[in-house]
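Engineer: I'd like to ask you about the structure that follows.
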Amino acid sequence: MNQTAEIVAPQQDQPLVQVSGLEVRFKSPDRTVHAVNGVDLTLKRGEILTILGESGSGKSVTLRTLMRLLPERRTQLKGQVSVDGRDVLAMPQRELRRFRGRTAAMIFQEPMLAFDPVFTIGQQIAETVCRHEGVSHKEGLARALELFELVRIPSARRRLANYPHELSGGMSQRAMIALALSCRPRLLLADEPTTALDATVQIQILLLLRELQRELDMSVIFVTHDMGVANEISDRIAVMYGGRIVETGKVGEIIAQPRHPYTLGLMNSRASGELKGQRLEAIPGSPPDLATLPSGCAFAPRCPYAIDTCHDSVPIAHTIEGQHWAACHRLEQTQP
Amino acid sequence: MGTYFFKRILYVIPITLAVSFFCFMLVHLSPGDPMDAVVSADAPREVVAMVQAAYGFDRPLPEQYGRWVVRAVQGDLGLSTANGRAVTTEVFGALVNTLRLALVASLIGFTLGCLFGTLAGYWQGSLLDRFVTGIAVGGVSIPHYWLGMMLVIVFSVELSWLPSSGAGPGSSSDWVWEWRYIRHLILPAITLSVIPMGVVTRTVRAMVAEILNHDFVEALRAKGLAEVRVFLHVVKNVAPTALAVMGLQLGYLLGGSILVETVFSWPGTGLLLNNAIFQRDLPILQGTILVLAIFFVLLNLMVDLAQARLDPRIQRN
């Protein structure tokens with residue numbers, strides 16, 4: 001008993017999440033979708049990382065792999081995923097269920113749909129607490145009440161007895177956060193948690209998440225397609241395209257000095273006040289079909305700087321400065 | 001919560017009244033004179049008139065309906081024109097037999113239907129799913145009177161394992177749950193269970209597959225719940241729809257087993273209706289249809305109330 005505890009005991013300076021060479025394929029009889037194609041990722045304790053990308057870039061799939069939430073029958077996983085010193089991909093089912101919700105918890109894009117409609121919010125939070133801490137339903141409800149106060153839901157006691165359809169979008173996202181935090185996870189995974197919300201509610205939820213992350217000393221991986229959201233919340237950004245990370249670095253570096261042509265394109269297509277009356281710049285073309293990925297750089301067909309090499313070989317990561325790197329053959333073209 | 005239940009219960013009154021009106025009028029629309037069954041064709045006109053007056057058939061229809069409803073409320077549905085017995089006694093005697101048959105058949109049908117449907121829904125697209133779907137389609141498509149006859153040919157005629165007709169050795173009112181009676185119930189119950197089995201299988205399969213695709217199921221797994229616990233959530237979500245379908249099916253079994261009861265000479269409401277139609281026995285027809293219709297209305301009421309208890313969203317509408 002003692003021995004095992006020693007072996008699994010995570011060291012504090014070791015990163016909380018380490019992903020290397022992750023590949024995810026979805027198999028169906030007629031085609032194979034290459035959703036993630038070699039992702040390396042590390043997340044330090046207490047850090048907030050945003051994975052930025054458009055739909056189909058593999059960001060949500062990467063997030064789900066960290067909890068092994070993808071349907072096992074149709075999914076092929078390769079690579080290493082370790083969270084808090086544990087090998088997620090090798091975990092037996094029993095351990096996996098103890099891990100989910102306790103070590104890592106997730107909040108979802110559509111909070112209204114992420115709750116079971118025929119149970120009250122309180123019941124659903126208490127259920128999780130009972131599951132992981134073996135307490136009674138009543139104690140679970142008491143914890144739910146504390147959590148509701150933590151995420152600042154007004155008249156918390158009454159809200160606990162509500163059904164999901166009786167809450168507004170912002171309120172149910174707060175409830176979802178309360179649910180995710182119910183067993184004090186070390187890692188919070190957020191899958192576009194503000195996308196379905198009004199702009200004013202969005203910023204409240206972001207501020208709340210940032211505050212709770214500091215208070216509870218959690219690590220957070222935040223998935224979004226919204227540059228503004230990424231800028232607001234993260235310490236570090238990883239930009240994904242075609243199932244690969246194409247550029248990563250500290251928020252300031254990515255926002256101020258994007259180097260990958262795709263990141264540049266994203267930056268240029270943002271709307272802001274000064275641009276009033278002008279056409280927004282868009283990235284030409286459309287995202288790649290993940291069933292038939294090009295053999296070279298996935299962005300090459302849309303890239304203004306692409307040369308033959310880009311179509312032939314997948315670029316490796318080039319360090320730009322410190323932790324800032326980009327995977328591109330033509331970095332000299334994007335020098336500021 | 002309370003007001004929804006109260007309102008829903010109050011709705012039963014106008015529905016029942018409307019139903020009674022239609023049962024009464026529809027029977028009068030059908031061709032044939034009820035007097036044919038009571039008096040012989042060559043009877044003198046005064047005798048016919050006298051009998052007509054005794055049964056009240058000489059009065060205008062609205063008045064007949066009014067008297068019928070008032071007496072029905074007091075538990076009197078008139079007298080059979082075929083044998084002069086009280087309709088109430090006839091109907092309730094038959095109803096007990098039909099209920100016994102319908103409940104056993106639905107127990108078989110619903111149990112198998114829920115089981116098959118859940119399995120097929122969970123393993124959608126698998127071999128098991130295709131096999132179960134095949135059974136369900138067969139169940140819904142095979143005419144049940146034909147299936148009844150086939151069962152009789154195999155199990156009664158060829159193998160002589162089970163009786164082909166009747167509800168027991170003695171009179172049906174002596175029914176006891178003993179083998180000598182139960183053996184009469186087996187073939188008709190199996191025959192009747194096939195359609196609800198098919199319908200429930202298909203509904204439950206579709207619902208389970210749909211619910212499993214909802215975001216909240218992934219969220220439940222992300223909480224670390226065991227698969228059994230996730231299954232309980234799925235069941236509670238499927239239950240309202242499944243219940244509604246089962247309520248309807250039970251209703252059909254109560255009234256719609258005319259053919260099967262006739263094939264097996266089961267002395268229930270189906271056989272009673274069948275005989276009443278051929279004998280132009282209007283009071284029996286009206287009484288039986290009314291009682292069955294009220295059963296249907298009450299069944300729907302119970303399903304609605306149960307649904308509202310299971311799914312909080314229903315009370316909002």
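Each chain in the structure tokens gets a letter, A, B and so on, in the order shown; residues start at 1 in every chain, and ligands are counted from 1 in the order they appear.
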So that I can check the surroundings of Leu253 (chain B), please list as a PyMOL selection string every protein, DNA and RNA residue that reaches within 9 Å of it, counting only C-alpha atoms and ignoring chain neighbours fewer than 3 positions away.
Structural biologist: chain B and resi 98-99+101-103+105-106+192-193+196+248-250+256-257
Engineer: For a quick test of understanding: name the residues of chain A lying within 6 Å of chain B when counting only C-alpha atoms, and present them as a list in words.
Structural biologist: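 Selected residues: Arg97, Arg98, Arg100, Gly101, Leu113, Ala114, Phe115, Asp116 and Val118 of chain A.
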Engineer: Next, write the just-selected residues to a file, as a tab-separated table (two decimals), in the first residue's frame, keeping C-alpha atoms as the atom set.
Structural biologist:
```
chain	number	residue	atom	x	y	z
A	97	ARG	CA	-14.06	6.29	-13.41
A	98	ARG	CA	-12.35	7.36	-10.21
A	100	ARG	CA	-12.97	11.34	-14.13
A	101	GLY	CA	-14.68	14.02	-12.09
A	113	LEU	CA	-27.75	20.25	-22.66
A	114	ALA	CA	-25.03	19.00	-20.36
A	115	PHE	CA	-27.44	18.42	-17.48
A	116	ASP	CA	-29.87	15.52	-17.42
A	118	VAL	CA	-35.24	14.99	-15.56
```
Engineer: For Ile51 (chain A), work out the shell of residues within 6 Å, counting only C-alpha atoms and skipping chain neighbours fewer than 3 positions away, then give it as a PyMOL selection string.
Structural biologist: chain A and resi 223+237-239
Engineer: Pick the closest to Gly79 (chain A) from A:Glu23, A:Glu127, A:Glu232, A:Glu54: which is it, counting only C-alpha atoms?
Structural biologist: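 Residue with the minimum atom-to-atom distance to Gly79 (chain A): A:Glu23.
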Engineer: Excluding Trp175 (chain B) and any residue of its chain fewer than 2 positions from it, enumerate the residues within 12 Å of it, using only C-alpha atoms, and give them as a ChimeraX atom specification.
Structural biologist: /B:93,96-97,100-101,166-173,177-185,267
Engineer: Tell me, as a PDB file with N, CA, C and O atoms, in the first residue's frame, which residues lie within 12 Å of Asn300 (chain B), counting only C-alpha atoms; anything in the same chain fewer than 5 positions away does not count.
Structural biologist:
```
ATOM      1  N   ARG B   8     -55.813  18.280 -15.224  1.00  0.00           N
ATOM      2  CA  ARG B   8     -55.799  17.088 -16.067  1.00  0.00           C
ATOM      3  C   ARG B   8     -56.932  16.139 -15.672  1.00  0.00           C
ATOM      4  O   ARG B   8     -57.565  15.516 -16.529  1.00  0.00           O
ATOM      5  N   ILE B   9     -57.218  16.053 -14.365  1.00  0.00           N
ATOM      6  CA  ILE B   9     -58.291  15.166 -13.915  1.00  0.00           C
ATOM      7  C   ILE B   9     -59.647  15.727 -14.339  1.00  0.00           C
ATOM      8  O   ILE B   9     -60.533  14.990 -14.769  1.00  0.00           O
ATOM      9  N   TYR B  11     -60.319  17.411 -16.980  1.00  0.00           N
ATOM     10  CA  TYR B  11     -60.532  17.203 -18.423  1.00  0.00           C
ATOM     11  C   TYR B  11     -61.274  15.908 -18.719  1.00  0.00           C
ATOM     12  O   TYR B  11     -61.904  15.768 -19.759  1.00  0.00           O
ATOM     13  N   VAL B  12     -61.174  14.946 -17.789  1.00  0.00           N
ATOM     14  CA  VAL B  12     -61.778  13.638 -18.032  1.00  0.00           C
ATOM     15  C   VAL B  12     -63.290  13.765 -18.240  1.00  0.00           C
ATOM     16  O   VAL B  12     -63.868  13.054 -19.064  1.00  0.00           O
ATOM     17  N   ILE B  15     -64.337  14.882 -21.815  1.00  0.00           N
ATOM     18  CA  ILE B  15     -63.900  13.838 -22.758  1.00  0.00           C
ATOM     19  C   ILE B  15     -64.851  12.646 -22.688  1.00  0.00           C
ATOM     20  O   ILE B  15     -65.321  12.135 -23.700  1.00  0.00           O
ATOM     21  N   THR B  16     -65.184  12.237 -21.457  1.00  0.00           N
ATOM     22  CA  THR B  16     -66.052  11.079 -21.297  1.00  0.00           C
ATOM     23  C   THR B  16     -67.429  11.343 -21.902  1.00  0.00           C
ATOM     24  O   THR B  16     -68.011  10.473 -22.554  1.00  0.00           O
ATOM     25  N   LEU B 243     -43.778   4.867 -21.439  1.00  0.00           N
ATOM     26  CA  LEU B 243     -45.045   4.729 -20.719  1.00  0.00           C
ATOM     27  C   LEU B 243     -46.225   5.103 -21.599  1.00  0.00           C
ATOM     28  O   LEU B 243     -47.258   4.427 -21.598  1.00  0.00           O
ATOM     29  N   ALA B 244     -46.085   6.205 -22.340  1.00  0.00           N
ATOM     30  CA  ALA B 244     -47.186   6.662 -23.192  1.00  0.00           C
ATOM     31  C   ALA B 244     -47.527   5.576 -24.205  1.00  0.00           C
ATOM     32  O   ALA B 244     -48.708   5.260 -24.424  1.00  0.00           O
ATOM     33  N   VAL B 245     -46.493   4.982 -24.794  1.00  0.00           N
ATOM     34  CA  VAL B 245     -46.730   3.941 -25.792  1.00  0.00           C
ATOM     35  C   VAL B 245     -47.370   2.712 -25.152  1.00  0.00           C
ATOM     36  O   VAL B 245     -48.318   2.132 -25.675  1.00  0.00           O
ATOM     37  N   MET B 246     -46.882   2.350 -23.968  1.00  0.00           N
ATOM     38  CA  MET B 246     -47.432   1.163 -23.312  1.00  0.00           C
ATOM     39  C   MET B 246     -48.883   1.391 -22.913  1.00  0.00           C
ATOM     40  O   MET B 246     -49.718   0.492 -23.036  1.00  0.00           O
ATOM     41  N   GLY B 247     -49.204   2.605 -22.459  1.00  0.00           N
ATOM     42  CA  GLY B 247     -50.590   2.910 -22.092  1.00  0.00           C
ATOM     43  C   GLY B 247     -51.506   2.736 -23.290  1.00  0.00           C
ATOM     44  O   GLY B 247     -52.562   2.100 -23.196  1.00  0.00           O
ATOM     45  N   LEU B 248     -51.080   3.278 -24.420  1.00  0.00           N
ATOM     46  CA  LEU B 248     -51.874   3.154 -25.646  1.00  0.00           C
ATOM     47  C   LEU B 248     -52.046   1.693 -26.037  1.00  0.00           C
ATOM     48  O   LEU B 248     -53.130   1.250 -26.390  1.00  0.00           O
ATOM     49  N   GLN B 249     -50.945   0.938 -25.948  1.00  0.00           N
ATOM     50  CA  GLN B 249     -50.997  -0.467 -26.341  1.00  0.00           C
ATOM     51  C   GLN B 249     -51.937  -1.262 -25.435  1.00  0.00           C
ATOM     52  O   GLN B 249     -52.697  -2.090 -25.903  1.00  0.00           O
ATOM     53  N   LEU B 250     -51.877  -0.968 -24.133  1.00  0.00           N
ATOM     54  CA  LEU B 250     -52.771  -1.655 -23.205  1.00  0.00           C
ATOM     55  C   LEU B 250     -54.216  -1.328 -23.569  1.00  0.00           C
ATOM     56  O   LEU B 250     -55.097  -2.187 -23.549  1.00  0.00           O
ATOM     57  N   GLY B 251     -54.440  -0.064 -23.951  1.00  0.00           N
ATOM     58  CA  GLY B 251     -55.778   0.342 -24.380  1.00  0.00           C
ATOM     59  C   GLY B 251     -56.230  -0.448 -25.595  1.00  0.00           C
ATOM     60  O   GLY B 251     -57.364  -0.940 -25.642  1.00  0.00           O
ATOM     61  N   TYR B 252     -55.328  -0.605 -26.573  1.00  0.00           N
ATOM     62  CA  TYR B 252     -55.687  -1.380 -27.765  1.00  0.00           C
ATOM     63  C   TYR B 252     -55.992  -2.826 -27.401  1.00  0.00           C
ATOM     64  O   TYR B 252     -56.904  -3.439 -27.931  1.00  0.00           O
ATOM     65  N   ALA B 293     -64.248   2.577 -23.749  1.00  0.00           N
ATOM     66  CA  ALA B 293     -63.769   3.936 -24.020  1.00  0.00           C
ATOM     67  C   ALA B 293     -63.397   4.641 -22.722  1.00  0.00           C
ATOM     68  O   ALA B 293     -62.374   5.336 -22.648  1.00  0.00           O
ATOM     69  N   ILE B 294     -64.227   4.442 -21.680  1.00  0.00           N
ATOM     70  CA  ILE B 294     -63.906   5.081 -20.396  1.00  0.00           C
ATOM     71  C   ILE B 294     -62.592   4.519 -19.847  1.00  0.00           C
ATOM     72  O   ILE B 294     -61.751   5.246 -19.321  1.00  0.00           O
ATOM     73  N   PHE B 295     -62.413   3.214 -20.017  1.00  0.00           N
ATOM     74  CA  PHE B 295     -61.154   2.603 -19.614  1.00  0.00           C
ATOM     75  C   PHE B 295     -59.979   3.283 -20.292  1.00  0.00           C
ATOM     76  O   PHE B 295     -58.969   3.585 -19.687  1.00  0.00           O
ATOM     77  N   LEU B 305     -50.453  11.489 -15.932  1.00  0.00           N
ATOM     78  CA  LEU B 305     -50.031  11.861 -14.581  1.00  0.00           C
ATOM     79  C   LEU B 305     -48.663  11.262 -14.274  1.00  0.00           C
ATOM     80  O   LEU B 305     -47.800  11.927 -13.705  1.00  0.00           O
ATOM     81  N   ALA B 306     -48.470  10.003 -14.684  1.00  0.00           N
ATOM     82  CA  ALA B 306     -47.177   9.357 -14.430  1.00  0.00           C
ATOM     83  C   ALA B 306     -46.065  10.073 -15.203  1.00  0.00           C
ATOM     84  O   ALA B 306     -44.980  10.307 -14.673  1.00  0.00           O
ATOM     85  N   GLN B 307     -46.365  10.446 -16.439  1.00  0.00           N
ATOM     86  CA  GLN B 307     -45.374  11.154 -17.262  1.00  0.00           C
ATOM     87  C   GLN B 307     -44.954  12.453 -16.592  1.00  0.00           C
ATOM     88  O   GLN B 307     -43.780  12.790 -16.546  1.00  0.00           O
TER      89      GLN B 307
END
```
Engineer: Could you name the residues that touch Thr88 (chain B) at 12 Å or less, counting only C-alpha atoms, but leaving out those on the same chain fewer than 3 positions away, as a count of residues only?
Structural biologist: 27
Engineer: Show me, as a list in words, the residues that have an atom within 7 Å of Ile48 (chain A) when counting only C-alpha atoms, minus same-chain residues fewer than 3 positions from it.
Structural biologist: Ser219, Val220, Ile221, Ser234, Asp235 and Arg236 of chain A
Engineer: Can I get the selected residues back with N, CA and C atoms, as a CSV table (one decimal), in the first residue's frame?
Structural biologist:
```
chain,number,residue,atom,x,y,z
A,219,SER,N,-5.2,23.7,-12.6
A,219,SER,CA,-4.7,23.9,-13.9
A,219,SER,C,-5.9,23.8,-14.8
A,220,VAL,N,-5.9,24.7,-15.9
A,220,VAL,CA,-7.1,24.7,-16.8
A,220,VAL,C,-6.6,24.6,-18.2
A,221,ILE,N,-7.4,23.7,-19.0
A,221,ILE,CA,-7.2,23.7,-20.4
A,221,ILE,C,-8.5,24.2,-21.0
A,234,SER,N,-6.0,33.2,-20.8
A,234,SER,CA,-5.0,32.3,-20.7
A,234,SER,C,-3.6,32.8,-20.3
A,235,ASP,N,-2.7,31.9,-19.9
A,235,ASP,CA,-1.3,32.2,-19.7
A,235,ASP,C,-0.6,31.9,-21.0
A,236,ARG,N,-1.0,30.8,-21.6
A,236,ARG,CA,-0.4,30.3,-22.8
A,236,ARG,C,-1.4,29.9,-23.8
```
Engineer: Out of B:Gly56, B:Gly109, B:Gly270, B:Gly139, which residue has the shortest atom-to-atom distance to Leu282 (chain B) when counting only C-alpha atoms?
Structural biologist: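 The shortest atom-to-atom distance to Leu282 (chain B) comes from B:Gly56.
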Engineer: Determine which residues of region 25-160 of chain A DSSP labels as strand (DSSP E) from the backbone of this structure, then write them out as a PyMOL selection string.
Structural biologist: chain A and resi 25-27+32-43+48-52+75-83+86-87+104-107
Engineer: Provide the CA of Gln257 (chain A) to CA of His324 (chain A) distance in Å, to one decimal place.
Structural biologist: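 Distance between the two atoms: 9.9 Å.
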Engineer: Using the chain letters and numbers from this document, which residues of region 72-275 of chain B does DSSP assign to helix (DSSP H, G or I), as a ChimeraX atom specification?
Structural biologist: /B:72-73,87-122,127-141,144-158,172-174,179-212,215-222,227-255,258-263,269-275
Engineer: Can you tell me how far CA of Leu66 (chain A) sits from CA of Leu22 (chain A), in Å to one decimal?
Structural biologist: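 Taking CA of Leu66 (chain A) as the start and CA of Leu22 (chain A) as the end point, the length is 10.4 Å.
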Engineer: I need the residue nearest Asn275 (chain B) from this list: B:Leu29, B:Met197, B:Met150, B:Leu259. Use only C-alpha atoms for the distance.
Structural biologist: B:Leu259
